[in-house]
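Below: one structure, written as structure tokens.
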Amino acid sequence: MAIQPTDLDFSDIKSRLKEYLRQQSEFSDYDFETSGLSNILDVLAYNTHINGLIANFALNESFLNTAQLRSSVVSHANILGYIPRSKTAARGAVNLSVTVSSPSRPFTISLPPYTKFSAEIDDVTYVFQTWEQYTATDDGGGTYTFVNSSGSENIEIIEGTIRTKTFLVGEVSEEQVYVIPDDTIDTSTIKVNVYQSATSDEFDTYTSLTSTIRIDSTSKIYQVKEAPNGFYEIIFGDGSVLGQSPVAGNKIVITYISTSARAANGASIFSAQNDVDVDGTDYTLNTSTVTAAAGGNDKETIASIKKNASIAFASQQRMITAEDYRAQILANYSSYVRDVAAWGGQDNVPPVYGRVYVGLKFVDGLTASQQQSVKDSIVTNLTNNLAIMSIDTVFSDPETLYLELNTFFDFDPNLTNITAAAAEVTVQNTINNYFANNLNTFDAVFRRSKLLTVVDNTSPAILDSRMNVRAQLRITPVIGSLTNYYVAFPMEIADPDDVNYVVESSRFTYRDQACVIRNTLKTNTLHIENLASGSIILDNIGSYDAATGVLQLISFNPESIVGEQLKLSVLPANQATVRPLRNYIINIDTTTSYSRATIDYQNTKASI
């Protein structure tokens, strides 16, 4: 048969069927277009086309990398032991206190769980509430300040509405399925209590599998999995090896928070909706904000599930390699952390053995205290339980490597209705968007050829393009003090030559003169140069090592700088590819990058 197995187009299938029949002697002179046989060929071609599409779709859904349906991706992730993240509630922190005027006041008072607070964002009111019971002690003057279990006055409040779902366990012979029909659930807030009967007040509290270290036949645990319809299913043990399972007649009560997810991020003014009862008298609950609400997020996307499921599977719930750290942090803190970089101490500069370094790129909007809280939680909940005891975890904040891009392109105005100036703006916006969408994360590699391809495809009027690339790091000099600076670029720097300055800085003031730092031509020695006259004011203030990418400033003491930081720009040894290391993130310096067009009128060029 002449039909190829990869041919799925209807017209191609019908055409090949005709060609096949024409090769048969009985149809050699047959008119297929005006005969009834044409209708039969339509049916055959249509059936073959549909079957081919179904087979193709089914095959794609059979693999994690090619699956398109969320249910298929979630199913593959579950097989790998990865549970996709549900919606997560925004969380804030407040200080809470009560002033009691009664002379017969108690020594301690309690704040019950689910105490409500309200906050507004864009005229929309969101409800926050406590999730635990907190206590406060009289300070001797009638003021009670509530503290959490660790003694901190920072009380966490969570956005959302408390909801409860109840199940009655049927006969053992029946298949027990416990699905919560609510896609606004934050699964991290689930609490599961199993009562002996529908009328019993006694219950056992079950804990999440993800927070359990050891499991045996007596363990009271549950798992949460996303069902094919997008809701979440609660799964219990098998009654033997994987922990206890509720039995017939038990009542299961599941409490959770239904959240507005990212919509509540940024709430910062919280008003208590409940008073505090002290010996039958209601007192106002005083509230002051410690941190604004953050961490609210929507369900994990299909792309994120595909990315995280495989690396989480490789870590196998232990933190031994640097990639294990990255996998576990992304799996458990993706509401707060956008990307993670991890490397062993032996790969650090300088090497420090016995450590694992972790760089976290947080989602936008988190305050410094919230970021520190996430770091503390990672150490407490992950590294202390899953990592090797002798290895210390050290957090290293992301280091941004800025690129300065000078782009030049030939422009033919006859092929478009926009001006060359407008094309320059369009090209620069395209470059900026490319960085926002493809870079600005850990391990994202800049390749000049890929970016120039995007530039060339911006418009038919762009005939060709080229780009000069410089790399830039920034320091904050100490004004009025002789200080040494050690700046490590994550790539090799170009060797000095007699034409171009390999190292250049932004402008600063030194000895009442506008100056810049440059390398002396033909050498790697750095000097301070008068920006206007080009004369050297100080001939040796440091040097750079081309092979290691390290630049050193010795006893540098500027009188002032332009902007908040001093920019140190170098020429990479390889402008075509810039590959970040460790905790470096590549971004673009939009203030020093520009695009320039050269008008091309039928091979007659005039620079503008």
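All residue names refer to the structure tokens as shown: chains lettered A, B, ... in order, residues numbered from 1 in each chain, ligands numbered from 1 in order.
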**Contacts of Leu521 (chain A) within 6 Å, only C-alpha atoms, excl. fewer than 2 positions in-chain, as a PyMOL selection string** = chain A and resi 497-498+523
What's the 7 Å shell around Ser260 (chain A), counting only C-alpha atoms, without same-chain residues fewer than 2 positions away, as a PDB file with C-alpha atoms, in the first residue's frame?
ATOM      1  CA  ALA A  89      -3.282  30.417  50.471  1.00  0.00           C
ATOM      2  CA  GLY A 160      -9.413  31.653  53.085  1.00  0.00           C
ATOM      3  CA  ARG A 262      -2.718  34.756  44.530  1.00  0.00           C
ATOM      4  CA  ALA A 263      -5.533  37.334  44.611  1.00  0.00           C
ATOM      5  CA  ALA A 264      -4.914  37.978  48.336  1.00  0.00           C
TER       6      ALA A 264
END
**Message:** Run DSSP on the backbone and tell me which residues of region 428-539 of chain A come out as strand (DSSP E or B); list them as a PyMOL selection string.
**Reply:** chain A and resi 442+446-447+462-475+483-488+493+503-505+508-510+513-519+525-530+536-539
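Note that the spacing between CA of Ser304 (chain A) and CA of Val363 (chain A) amounts to 14.5 Å.
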**Request:** List the neighbours of region 434-445 of chain A out to 9 Å using only C-alpha atoms; skip same-chain residues closer than 3 positions along the sequence, and give me the result as JSON, numbers by chain.
**Result:** {"A": [338, 339, 340, 341, 359, 361, 398, 400, 429, 430, 431, 451, 454, 577, 578, 579, 580, 581, 582, 583, 584, 585, 586, 587, 588]}
The selected residues should be written to file as a short mmCIF file (atom, residue, chain, number, x, y, z; two decimals), in the first residue's frame (atoms: C-alpha atoms).
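Dumped to selection_1.cif:
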data_model
loop_
_atom_site.label_atom_id
_atom_site.label_comp_id
_atom_site.auth_asym_id
_atom_site.auth_seq_id
_atom_site.Cartn_x
_atom_site.Cartn_y
_atom_site.Cartn_z
CA ARG A 338 10.50 30.44 41.62
CA ASP A 339 13.82 28.71 41.01
CA VAL A 340 16.61 27.00 42.97
CA ALA A 341 20.33 26.57 42.41
CA GLY A 359 20.52 29.92 45.97
CA LYS A 361 15.04 33.02 43.51
CA PRO A 398 21.27 35.13 43.69
CA THR A 400 22.71 38.98 38.84
CA ASN A 429 11.55 45.56 23.17
CA THR A 430 11.93 42.15 21.52
CA ILE A 431 15.34 41.72 23.14
CA LEU A 451 18.71 36.00 20.15
CA VAL A 454 14.63 36.28 17.11
CA THR A 577 27.74 32.05 24.75
CA VAL A 578 27.51 33.19 28.35
CA ARG A 579 26.83 30.32 30.73
CA PRO A 580 26.09 31.20 34.37
CA LEU A 581 27.55 29.22 37.26
CA ARG A 582 26.25 28.44 40.72
CA ASN A 583 23.85 31.19 41.87
CA TYR A 584 24.32 33.58 38.93
CA ILE A 585 21.27 34.78 37.01
CA ILE A 586 21.55 36.50 33.63
CA ASN A 587 19.57 39.67 32.99
CA ILE A 588 19.86 42.64 30.66
#
